[in-house]
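Okay, structure first, notes after.
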Amino acid sequence: MKPTAVAALLTPLLIGTAHLVQAQAEKPVAIDKRYETEIQNLAKRPAVQSAFKFFMDLEPQTKQDLINLTETPSPPFKEQVRARKYADMMKAAGADSVWLDDVSNVLALRRGKGRQKTVVVEAHLDTVFPEGTNVKVKQKGDTLYAPGIGDDTRGLTAVLAVLKGMEKTGIETDADVLFVGAVGEEGLGDLRGVKNLFKPNGPKIDSYIAVDGDGIDEITHRGLGSHRYRITFKGPGGHSYGAFGIVNPHGALGKAIYYFTQEADKFTREGVKTTYSVSVIGGGTSVNAIPYESWMEVDMRSESADKLNGIDKLLQTAVQRALNEENQMKRSGPDLTVDVKQVGDRPSGRTEPTVPLVQRAMAVAKFMQVEPKLSVSSTDANTPIANGIPAITIGSGGKGGNEHSLNEWWLNDKGYLGMQRVLLVLLAEAGMK
């Protein structure tokens, strides 16, 4: 296909006035005309048109890359095997230098001409599925099924394809581009991969584009923060009859849950959406034994740091009240103790819709003839956002569903548009020579 034909296929007619985008639970946000013009001009460049076509021609290989990576297990905290494979793929794609950092993040640097700025394009290596999960890809019609195939293995293949496209077509940027496969995005991984990137001795990062999810319309610019705790009440334990009168950890746990949820219910009925869940509980050994421990895992979330800290204080107060009351009830033996361990701390925050990175992502969506949707979520973008770095999370194209389940699926419905979108946002942010 000739470049002019590609341009005709991809370039919609854009209205000369600023478009309005409806953010979730926020006022409409205008797209500045200069960013629309910037994206239109970028898309007309011959090298960009060639890259667009390259992504379409690359589809069979992109599908094979997706299958190969999906069938390389990457359970929580055990991403090293997939990391090494992804590093090899990045090297083969033509990155200037590729390395693994001390937590097994994959970093692939493509040097820019000016080198005054660094833009990150990242997807996460880990899945939610434990070691031993069958990750063999099955195809039914045009749909691929396997645990983790969409979240976020598809993101990894999209990032890889963008690097391949830039190398194939000779696209040069002014800024350095750091392609990253990050560990620890899911669950108790607690964003440890991206947090490691932002350590004091980490690489200089000026903008951050995370690729996670499907489609080409959503733009996550607000970080949904979370605090997670494992709280364990501990006592001596004993016979239910012979040791009767000693402290009972289950009694304290029950009180703590009651006091917390009573206050949390009132606290979360007003203001920014804030949620809480006592998600897992456990303890005890037998019906005729007073337990020696009782524990719970609690999840709290909000995009407001103040609200998140506020509900956290309610939990701490409830736990101490329950501890004191249970100890006051004892008739003999030592006091009950409690261990409060934070197992998750995802920062909240937002990149304002007026920031160039968000504006560019919205302008790209409009260029691709979809209505951009601004959203809040918990993704790897949380950490750079909290560090004051412009950051967003965008999808990798195609359609997917049943994330975090054994029958997760992904359908290549014009999936190449995902790579075209990532490329345009990246080039606008990094500057194209």
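In the structure tokens, the first chain shown is A, the next is B, and so on; residue numbers restart at 1 for each chain, and ligands run from 1 in the order shown.
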Which of stretch 186-357 of chain A end up as helix (DSSP H, G or I) when DSSP is run on this backbone - answer as a count of residues only?
55
Once DSSP has gone over the backbone, tell me which residues of stretch 61-232 of chain A are in strand (DSSP E), as a ChimeraX atom specification.
/A:97-100,106-110,118-124,138-140,143-145,176-182,207-211,218-223,225-232
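Comparing the minimum interatomic distances between A:Arg34 and each of A:Pro356, A:Gly271, A:Gly251, A:Pro384, counting only C-alpha atoms, we find that A:Pro356 sits nearest.
The spacing separating atom CA of A:Met432 from atom CA of A:Tyr208 amounts to 16.9 Å.
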Nearest to A:Gly242 by atom-to-atom distance, counting only C-alpha atoms, from A:Gly202, A:Ser332, A:Lys78, A:Ala30
A:Ser332
Counting only C-alpha atoms, what are the residues of stretch 258-347 of chain A within 12 Å of stretch 170-189 of chain A, and for each of them which pair of atoms is the nearest and at what distance in Å, to one decimal? Sort the table by chain and rising number, as CSV.
residue,atom,partner,partner_atom,distance
A:Glu297,CA,A:Leu188,CA,11.4
A:Asp299,CA,A:Gly187,CA,10.8
A:Gln342,CA,A:Leu188,CA,10.4
A:Val343,CA,A:Leu188,CA,6.7
A:Gly344,CA,A:Leu188,CA,6.2
A:Asp345,CA,A:Leu188,CA,9.3
A:Arg346,CA,A:Glu185,CA,10.1
Identify, on the basis of only C-alpha atoms, every residue whose closest approach to A:Ala322 does not exceed 7 Å; exclude the query and any residue fewer than 6 positions from it along the same chain; express the result as a ChimeraX atom specification.
/A:252,255-256
Would you list the contacts of stretch 220-231 of chain A as an MDAnalysis selection string, taking every protein, DNA or RNA residue within 9 Å and counting only C-alpha atoms, but skipping same-chain residues closer than 6 positions in sequence?
chainID A and resid 188 253 294:305 308:309 312 319 338:353 358 373:383 385:386 390:394
Report as a ChimeraX atom specification all protein, DNA and RNA residues lying within 10 Å of A:Pro73, evaluated on only C-alpha atoms, omitting residues in the same chain fewer than 5 positions from it.
/A:68,78-82,125-127,129-136,147-148
Neighbour list for A:Val137 as number ranges by chain, cut-off 10 Å, only C-alpha atoms, skip fewer than 4 positions in-chain:
A: 66-68, 70-71, 144-149, 409
Could you tell me how far atom CA of A:Val370 lies from atom CA of A:Asp142, in Å and to one decimal?
23.4 Å
Shell of 10 Å around A:Asp65, only C-alpha atoms, local chain residues under 2 positions omitted, as a PDB file with C-alpha atoms, in the first residue's frame:
ATOM      1  CA  GLU A  59       0.497  -8.793  12.537  1.00  0.00           C
ATOM      2  CA  PRO A  60       1.415 -12.484  12.037  1.00  0.00           C
ATOM      3  CA  GLN A  61       4.723 -12.019  13.878  1.00  0.00           C
ATOM      4  CA  THR A  62       3.070  -9.913  16.592  1.00  0.00           C
ATOM      5  CA  LYS A  63       0.589 -12.744  17.142  1.00  0.00           C
ATOM      6  CA  ILE A  67       1.764 -16.567  22.048  1.00  0.00           C
ATOM      7  CA  ASN A  68       5.434 -17.096  22.897  1.00  0.00           C
ATOM      8  CA  LEU A  69       5.368 -14.626  25.773  1.00  0.00           C
ATOM      9  CA  THR A  70       2.012 -15.832  27.105  1.00  0.00           C
ATOM     10  CA  GLU A  71       3.305 -19.395  27.224  1.00  0.00           C
ATOM     11  CA  TYR A  86      11.697 -10.278  26.668  1.00  0.00           C
ATOM     12  CA  MET A  89      13.397  -9.951  22.004  1.00  0.00           C
ATOM     13  CA  THR A 153       1.212  -9.811  27.736  1.00  0.00           C
ATOM     14  CA  ARG A 154      -0.526  -8.044  24.891  1.00  0.00           C
ATOM     15  CA  LEU A 156       4.423  -6.261  26.100  1.00  0.00           C
ATOM     16  CA  THR A 157       4.002  -7.279  22.466  1.00  0.00           C
ATOM     17  CA  ALA A 158       2.643  -3.850  21.541  1.00  0.00           C
ATOM     18  CA  LEU A 160       7.974  -4.520  21.323  1.00  0.00           C
ATOM     19  CA  ALA A 161       6.222  -3.894  17.996  1.00  0.00           C
TER      20      ALA A 161
END
A:Phe367, A:Phe233, A:Tyr241, A:Phe267 ranked by distance to A:Asp335, top pick (using only C-alpha atoms)
A:Phe233
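For the pair atom CA of A:Lys414 and atom CA of A:Pro28, the separation is 28.4 Å.
Candidate residues A:Gln320, A:Glu122, A:Glu38, A:Ile216 were compared for distance to A:Met419, and the nearest is A:Ile216, using only C-alpha atoms.
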